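Have a look at the structure below, then the notes.
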Amino acid sequence: MSPLIKLVRVLASWLQTFLAWLLGVSITDFTPRGGWPGTILTISGYGFSANRDENDVRIGAERAIVIDAASSMLTVLVGEATTTGALKVIVGSDSGTAAELFQVLPRPAFDDTSAAGPPRFFHGPQSGTPQTNKPNQPVLVLFAHSNDQNPDDPGKPRATLRNELIANCGEANRWWREASFNRTSWTMTFSDWLALPNSDNFYFWRDTDTFVARRDLLTHTLRPLAWQGNNIASGAILVEHPSPLNYAFKPGVTSGGVDVTANALSGTRLYVGNATGGVFIHDIANMNAPVALGNITIAGQFISALEVVGLRLYAALRDFGFAVIDVSNPAAPTLVTQVNAGGGCYALRVSGNDLWLGRQVNLEQYSLVGGMPGFLKTRALGGWITAIDAAGPLLAVATDGDGVHLFDTSGGGALPMGVNLDILNVRDVTLTGSIALLAAYETGLVVLDVGNPAAPKKRGQLKTKKAVCRIKVQGTEAMLALGGLDLLAVDVSNPDAPKAHHGETPSTTDPDVPALRNQMKAAMLGEGLVKDKSPLFTHALRAYFNSLPGGQSQANLSQFVGIIVLLKGPSLRGQSFPKETAAYFWPDNIPFFDTKGMIYLAHDAAIGRIAHEIGHWLGMDDIYQDKLDTGEIIPGTAQAFCLSGSHDDEPLFAGRELNDTMHFLDAQPNNTQVRTWSPTAKLDEVFTLVAHHGTENTDGSRNHILKLIASEGLIYFVETRELAPAGVRFDQHLPVGAPGRVVVTRATTAKSFSNSLERAVMLVNVLDVGQQAVDAARNMTIRVEERLPGTPLAHKVRVRWNQPIAGDPNGTFDLAITPWSTETWESVDIAVDSKRNGDGVFEFSAPGKPGEPILNGDRPWVNHQNTIIAKVRNTAPGDIPEVYVSCYVTSPPGIGDNGNWALLETKLITNFKGNSVQDITFDWTPKAAGHTCIKVAILPMQGEINTDNNSAQENVAVFDSGAASSHQPS
């Protein structure tokens with residue numbers, strides 16, 4: 001983007017913001033200008049709130065219901081008692097009024113059947129929004145199926161399945177009753193089976209959507225390119241190219257009236273393939289007058305790659321496999337064989353007696369000995385194969401999502417040598433000498449040094465404006481196929497600094513690679529989710545209304561606080577929507593006149609999953625382990641102890657959800673004990689923590705939850721959890737030994753300074769008697785002292801913090817870690833190890849010692865798991881039975897006292913020998929490339945010679961934020 005365009009966009013954005021500020025709340029337009037109560041009204045203007053609840057919209061004195069909100073547009077439902085009047089929007093203390101009145105139209109005559117009437121309002125019980133600590137809240141459950149699914153299975157008719165699902169919903173309600181001491185529950189009304197008007201794939205993302213999206217990306221970026229001597233074939237276009245700056249465009253060759261999708265050039269013979277299976281052979285000895293020699297059609301196929309070897313032409317068939325064509329008589333080419341390898345074939349290369357086929361993520365080897373291809377073996381890579389090149393025994397394989405792989409084929413197969421992940425998304429690869437040239441989409445041209453195939457390294461790069469889709473090379477000149485039509489000659493004589501010979505040609509026909517990749521990303525991330533909830537819920541509700549004799553009026557939606565749609569068909573991930581005010585899919589509009597929770601799930605959803613999704617109506621977060629689109633794990637270490645995590649096992653809520661979100665303990669405040677840490681306050685207190693048993697504790701000497709506020713952003717919750725308590729559904733499958741354990745979790749709040757990608761609730765420790773959880777920097781210990789007899793299970797837990805431990809000159813051990821240098825703000829005893837360089841190999845290392853880190857060691861890789869390495873020393877001869885080491889990551893750094901440090905993890909090291917050093921490791925996935933401070937603290941201990949050398953910090957200023965997704969531009 002040019003600086004001028006950037007400046008214009010910045011000024012436009014500033015002007016829009018300034019205008020909104022200057023005008024305040026302002027209505028510039030609304031449509032329609034008139035209608036009846038119940039009409040959907042769209043309001044345009046400035047200064048609106050994107051939060052629906054912060055917009056007060058009125059026509060005259062009657063309030064309208066806000067359905068959707070953005071800063072410049074509101075969608076509202078005209079209220080039932082509305083009369084003609086001024087349209088006004090109020091946001092906070094500011095307001096704006098439309099220049100024209102909204103006109104309420106007269107009702108059509110009773111006998112005028114040709115005129116549409118106004119929407120109908122129903123007056124009945126209106127339960128409103130789901131609430132915690134409210135029993136028997138009405139919920140409507142709809143059993144539905146798309147038009148290509150059948151609720152009848154062999155041996156299980158639909159009536160049987162319906163009864164099973166009703167029973168499952170009843171058990172999910174039982175979980176809520178028992179977990180909340182009978183304070184939060186649901187009364188469910190069930191429909192019969194409802195047929196939706198569209199197919200499953202209309203409503204939900206499936207793997208076919210990902211396949212189609214990837215096919216679109218790879219098809220739109222094919223850009224066939226062949227080059228020999230002075231002759232270039234760019235698709236069907238012929239170009240004479242005698243020098244880097246000289247292009248003479250010639251007449252194109254015929255391809256049956258269909259776009260060319262692949263080509264190959266051998267001598268003066270040009271072979272082109274198209275999207276309908278046509279292969280055309282041309283003599284281009286005279287570039288000014290190419291001669292069509294012959295053609296063949298492989299019916300129903302899409303030619304995605306061509307290679308000619310001797311008298312045979314090998315064609316990759318995108319949706320089928322590959323074909324072998326005899327071209328000894330170019331006037332009458334004949335099909336030798338067609339191999340059905342499966343769909344997703346975009347790359348093909350013949351090397352010696354082997355044919356290598358790239359089919360989806362699979363590198364397949366076929367023997368050509370004897371003249372007919374015979375399958376030998378396959379190897380799966382981490383991304384779809386886009387191109388293959390060979391030079392002697394070296395095979396280079398480009399992928400979309402997994403970089404470039406190198407193989408040695410001298411032994412008859414493909415022996416993996418090395419892989420380069422600097423550029424993950426590669427469209428083409430060409431080998432020349434000891435380098436590989438990569439066509440890397442928007443990243444441009446990239447040069448790899450493959451002189452040592454076991455360790456290919458990135459050398460140079462040429463960033464281009466358009467996506468580079470194909471690349472060929474002759475000598476020191478590379479030819480790039482850019483965008484939709486462009487060619488660019490590049491000097492690659494210096495692999496470290498490739499240089500374009502000329503500029504790029506503007507074009508409006510270039511493939512929109514970011515849009516194509518975003519389409520693929522949406523399909524991959526969305527698999528098993530609804531594409532658009534609006535048609536799903538609208539169609540399900542409309543089918544329900546149609547199933548009732550009294551239609552929509554009989555349904556009386558206002559009585560329900562929530563709607564659940566259970567779908568017969570393939571498995572779904574399911575979702576919950578806590579604050580819906582309407583189901584709208586044009587032209588159908590079903591207003592609710594209040595806020596309802598809505599859920600969709602597959603028929604095979606577990607009982608715990610139904611209970612889990614209801615929890616989202618009441619503000620529950622997800623804390624289960626999940627994946628980023630990079631494939632990296634979002635840790636969910638507390639998932640086994642909370643319904644918001646491993647829901648299928650039906651655990652109780654963990655401390656934060658039980659107390660702070662659901663407020664189940666509010667009726668007995670003594671059941672939650674709260675203590676707040678400060679740098680100066682001391683604490684040494686014993687608490688008796690009793691398990692939740694379906695009956696609320698009323699013993700004033702016992703508590704259900706201990707809440708320890710370490711800082712504004714960090715809270716510890718301590719609770720006793722009993723394995724398989726009698727008479728309740730929850731906690732029957734906890735991963736603890738009988739009879740149970742003390743569970744310590746930590747919860748981060750919106751005020752947390754943590755730069756760690758993790759769930760809002762994480763597990764600190766599961767403790768048996770005699771064990772403790774530790775926050776070393778705060779000198780905090782949570783120790784289980786005793787298990788009490790009887791039921792429900794109870795433990796005595798001692799919490800201590802800031803208890804002074806002075807150094808003992810007569811001690812036998814001394815734990816230490818080197819503090820940071822005030823010159824570098826880094827500690828020699830703390831380093832980061834990134835996966836980008838491989839384990840134990842550091843970007844910043846001692847000279848000649850790649851495994852010995854200096855400075856930060858590696859730049860932490862954002863949104864990927866890194867390892868923090870802390871070197872902890874015992875500098876005295878005495879052994880230590882137990883040592884606790886805590887690690888913290890906090891951004892921004894330099895906050896001051898320990899009150900803001902965000903705990904990552906505490907490690908227990910047993911039998912720490914005297915005069916020894918140990919490397920303690922902590923997993924860390926930074927969520928942002930923000931200036932971060934790492935702190936490592938060792939818990940001071942009685943008998944330690946010096947307790948003033950037990951902590952160190954490391955300043956991290958530079959991060960590696962390179963992309964690593966198979967569907968995200970590198």
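If you're wondering about the labels, chains in the structure tokens are A, B, ... by order shown, residues count from 1 in each chain, ligands from 1 in order shown.
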
(Q) I'd like to know which residues of region 797-969 of chain A are strand (DSSP E or B) (by DSSP, run on the backbone); could you write them as a ChimeraX atom specification? (A) /A:797-801,813,815-816,830-833,845-846,849-853,857,861,866-874,880-890,903-912,916-924,932-938,944,951-956,960

Q.
Can you tell me which residues surround Thr637 (chain A) at a distance of at most 7 Å, considering only C-alpha atoms, apart from same-chain residues fewer than 2 positions away, and format the answer as a PyMOL selection string?
A. chain A and resi 635+639+762-763

Q.
Please list as an NGL selection string every residue within 6 Å of Val872 (chain A), counting only C-alpha atoms and excluding residues in the same chain fewer than 2 positions away.
A. :A and (817 or 917-918)

Q: Skip Val272 (chain A) itself and residues of its chain fewer than 5 positions away, then list as a list in words all residues within 7 Å of it, counting only C-alpha atoms.
A: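 Close residues of Val272 (chain A): Ser255, Val260, Ala262, Asn263, Ala264, Val279, Phe280 and Ile281 of chain A.
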
**Q.** One-decimal distance in Å that lies between CA of Thr39 (chain A) and CA of Gly96 (chain A)
**A.**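 Computed distance, CA of Gly96 (chain A) to CA of Thr39 (chain A), equals 20.8 Å.
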
Q) How many Å lie between CA of Gly562 (chain A) and CA of Gly597 (chain A), rounded to one decimal? A)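 One can read the CA of Gly562 (chain A) to CA of Gly597 (chain A) distance as 4.4 Å.
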
Q: Just the residues within 12 Å of Tyr884 (chain A), please, counting only C-alpha atoms, with nothing from its chain fewer than 2 positions along; format it as number ranges by chain.
A: A: 771-777, 779-781, 815, 872, 880-882, 886-887, 905-912, 920, 936-941, 950-951

Find the nearest atom pair between each residue of region 417-532 of chain A and region 395-401 of chain A for residues within 12 Å, count only C-alpha atoms, give distances in Å to one decimal, sort rows by chain and ascending number, and present the table as a tab-separated table.
```
residue	atom	partner	partner_atom	distance
A:Met417	CA	A:Leu395	CA	9.6
A:Gly418	CA	A:Ala396	CA	9.8
A:Val419	CA	A:Val397	CA	9.4
A:Asn420	CA	A:Ala398	CA	9.9
A:Leu421	CA	A:Gly401	CA	8.9
A:Asp422	CA	A:Gly401	CA	10.9
A:Ile423	CA	A:Gly401	CA	8.5
A:Leu424	CA	A:Gly401	CA	4.8
A:Asn425	CA	A:Asp400	CA	4.2
A:Val426	CA	A:Asp400	CA	5.4
A:Arg427	CA	A:Ala398	CA	6.7
A:Asp428	CA	A:Ala398	CA	6.1
A:Val429	CA	A:Ala398	CA	6.0
A:Thr430	CA	A:Ala396	CA	8.0
A:Leu431	CA	A:Ala396	CA	7.5
A:Thr432	CA	A:Ala396	CA	11.1
A:Ser434	CA	A:Ala396	CA	11.8
A:Ile435	CA	A:Ala396	CA	10.7
A:Ala436	CA	A:Ala396	CA	8.1
A:Leu437	CA	A:Ala396	CA	10.4
A:Leu438	CA	A:Ala398	CA	8.1
A:Ala439	CA	A:Ala398	CA	9.3
A:Ala440	CA	A:Asp400	CA	9.2
A:Tyr441	CA	A:Asp400	CA	9.9
A:Leu448	CA	A:Ala396	CA	11.1
A:Val450	CA	A:Ala396	CA	9.5
A:Pro453	CA	A:Ala396	CA	9.6
A:Pro456	CA	A:Ala396	CA	10.8
A:Cys469	CA	A:Asp400	CA	11.8
A:Arg470	CA	A:Ala398	CA	11.6
A:Arg517	CA	A:Asp400	CA	10.6
A:Met520	CA	A:Asp400	CA	11.8
A:Lys521	CA	A:Gly401	CA	11.8
```

Hey, can you spit out that residue selection with N, CA and C atoms as an mmCIF file, in the first residue's frame?
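This went into part-v7.cif:
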```cif
data_model
loop_
_atom_site.group_PDB
_atom_site.id
_atom_site.type_symbol
_atom_site.label_atom_id
_atom_site.label_comp_id
_atom_site.auth_asym_id
_atom_site.auth_seq_id
_atom_site.Cartn_x
_atom_site.Cartn_y
_atom_site.Cartn_z
ATOM 1 N N MET A 417 15.163 -36.176 5.110
ATOM 2 C CA MET A 417 16.438 -35.560 5.421
ATOM 3 C C MET A 417 16.263 -34.344 6.329
ATOM 4 N N GLY A 418 15.463 -33.394 5.898
ATOM 5 C CA GLY A 418 15.274 -32.186 6.689
ATOM 6 C C GLY A 418 14.000 -31.487 6.291
ATOM 7 N N VAL A 419 13.601 -30.526 7.098
ATOM 8 C CA VAL A 419 12.412 -29.741 6.819
ATOM 9 C C VAL A 419 12.687 -28.305 7.226
ATOM 10 N N ASN A 420 12.202 -27.375 6.438
ATOM 11 C CA ASN A 420 12.336 -25.964 6.772
ATOM 12 C C ASN A 420 10.956 -25.371 6.997
ATOM 13 N N LEU A 421 10.772 -24.769 8.175
ATOM 14 C CA LEU A 421 9.478 -24.213 8.552
ATOM 15 C C LEU A 421 9.502 -22.695 8.619
ATOM 16 N N ASP A 422 10.539 -22.071 8.070
ATOM 17 C CA ASP A 422 10.564 -20.609 8.078
ATOM 18 C C ASP A 422 9.372 -20.043 7.316
ATOM 19 N N ILE A 423 9.048 -20.679 6.203
ATOM 20 C CA ILE A 423 7.874 -20.292 5.413
ATOM 21 C C ILE A 423 6.984 -21.521 5.360
ATOM 22 N N LEU A 424 5.824 -21.437 5.994
ATOM 23 C CA LEU A 424 4.970 -22.622 6.100
ATOM 24 C C LEU A 424 4.121 -22.843 4.858
ATOM 25 N N ASN A 425 3.686 -21.770 4.227
ATOM 26 C CA ASN A 425 2.776 -21.889 3.091
ATOM 27 C C ASN A 425 3.538 -21.631 1.796
ATOM 28 N N VAL A 426 3.793 -22.685 1.044
ATOM 29 C CA VAL A 426 4.631 -22.615 -0.164
ATOM 30 C C VAL A 426 3.826 -23.165 -1.336
ATOM 31 N N ARG A 427 3.776 -22.406 -2.428
ATOM 32 C CA ARG A 427 2.979 -22.831 -3.585
ATOM 33 C C ARG A 427 3.800 -23.604 -4.603
ATOM 34 N N ASP A 428 5.126 -23.348 -4.696
ATOM 35 C CA ASP A 428 5.954 -24.034 -5.685
ATOM 36 C C ASP A 428 7.389 -24.074 -5.180
ATOM 37 N N VAL A 429 8.163 -25.038 -5.688
ATOM 38 C CA VAL A 429 9.576 -25.163 -5.327
ATOM 39 C C VAL A 429 10.350 -25.592 -6.559
ATOM 40 N N THR A 430 11.522 -24.992 -6.754
ATOM 41 C CA THR A 430 12.417 -25.341 -7.853
ATOM 42 C C THR A 430 13.831 -25.464 -7.310
ATOM 43 N N LEU A 431 14.487 -26.584 -7.616
ATOM 44 C CA LEU A 431 15.862 -26.810 -7.180
ATOM 45 C C LEU A 431 16.835 -26.342 -8.259
ATOM 46 N N THR A 432 17.895 -25.688 -7.817
ATOM 47 C CA THR A 432 18.963 -25.281 -8.729
ATOM 48 C C THR A 432 20.261 -25.238 -7.941
ATOM 49 N N SER A 434 22.715 -25.781 -5.160
ATOM 50 C CA SER A 434 22.549 -26.057 -3.730
ATOM 51 C C SER A 434 21.462 -25.194 -3.101
ATOM 52 N N ILE A 435 20.616 -24.582 -3.921
ATOM 53 C CA ILE A 435 19.540 -23.777 -3.366
ATOM 54 C C ILE A 435 18.190 -24.241 -3.898
ATOM 55 N N ALA A 436 17.171 -23.911 -3.146
ATOM 56 C CA ALA A 436 15.789 -24.155 -3.563
ATOM 57 C C ALA A 436 15.088 -22.806 -3.591
ATOM 58 N N LEU A 437 14.387 -22.538 -4.675
ATOM 59 C CA LEU A 437 13.627 -21.304 -4.810
ATOM 60 C C LEU A 437 12.156 -21.607 -4.541
ATOM 61 N N LEU A 438 11.566 -20.826 -3.650
ATOM 62 C CA LEU A 438 10.194 -21.076 -3.231
ATOM 63 C C LEU A 438 9.272 -19.968 -3.721
ATOM 64 N N ALA A 439 8.150 -20.359 -4.307
ATOM 65 C CA ALA A 439 7.057 -19.428 -4.581
ATOM 66 C C ALA A 439 6.154 -19.468 -3.361
ATOM 67 N N ALA A 440 6.178 -18.390 -2.583
ATOM 68 C CA ALA A 440 5.573 -18.412 -1.250
ATOM 69 C C ALA A 440 4.407 -17.441 -1.137
ATOM 70 N N TYR A 441 3.499 -17.484 -2.126
ATOM 71 C CA TYR A 441 2.302 -16.653 -2.070
ATOM 72 C C TYR A 441 2.671 -15.187 -1.802
ATOM 73 N N LEU A 448 16.156 -20.923 -0.194
ATOM 74 C CA LEU A 448 16.643 -21.835 0.840
ATOM 75 C C LEU A 448 17.986 -22.408 0.421
ATOM 76 N N VAL A 450 20.029 -25.578 0.502
ATOM 77 C CA VAL A 450 19.810 -27.007 0.731
ATOM 78 C C VAL A 450 21.106 -27.787 0.529
ATOM 79 N N PRO A 453 21.087 -31.035 3.177
ATOM 80 C CA PRO A 453 19.644 -31.320 3.186
ATOM 81 C C PRO A 453 19.092 -31.621 4.573
ATOM 82 N N PRO A 456 18.154 -27.513 6.066
ATOM 83 C CA PRO A 456 17.928 -26.430 5.099
ATOM 84 C C PRO A 456 17.717 -25.105 5.820
ATOM 85 N N CYS A 469 2.949 -17.524 -7.370
ATOM 86 C CA CYS A 469 2.274 -18.821 -7.472
ATOM 87 C C CYS A 469 3.135 -19.896 -8.126
ATOM 88 N N ARG A 470 4.027 -19.511 -9.059
ATOM 89 C CA ARG A 470 4.899 -20.480 -9.722
ATOM 90 C C ARG A 470 6.271 -19.857 -9.897
ATOM 91 N N ARG A 517 -7.715 -17.743 1.852
ATOM 92 C CA ARG A 517 -7.179 -18.392 3.052
ATOM 93 C C ARG A 517 -8.115 -18.184 4.241
ATOM 94 N N MET A 520 -10.834 -20.674 4.041
ATOM 95 C CA MET A 520 -10.393 -21.980 4.502
ATOM 96 C C MET A 520 -10.279 -22.004 6.021
ATOM 97 N N LYS A 521 -9.780 -20.896 6.576
ATOM 98 C CA LYS A 521 -9.652 -20.807 8.031
ATOM 99 C C LYS A 521 -11.009 -20.924 8.699
#
```

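The spacing separating CA of Asp486 (chain A) from CA of Arg223 (chain A) amounts to 9.7 Å.
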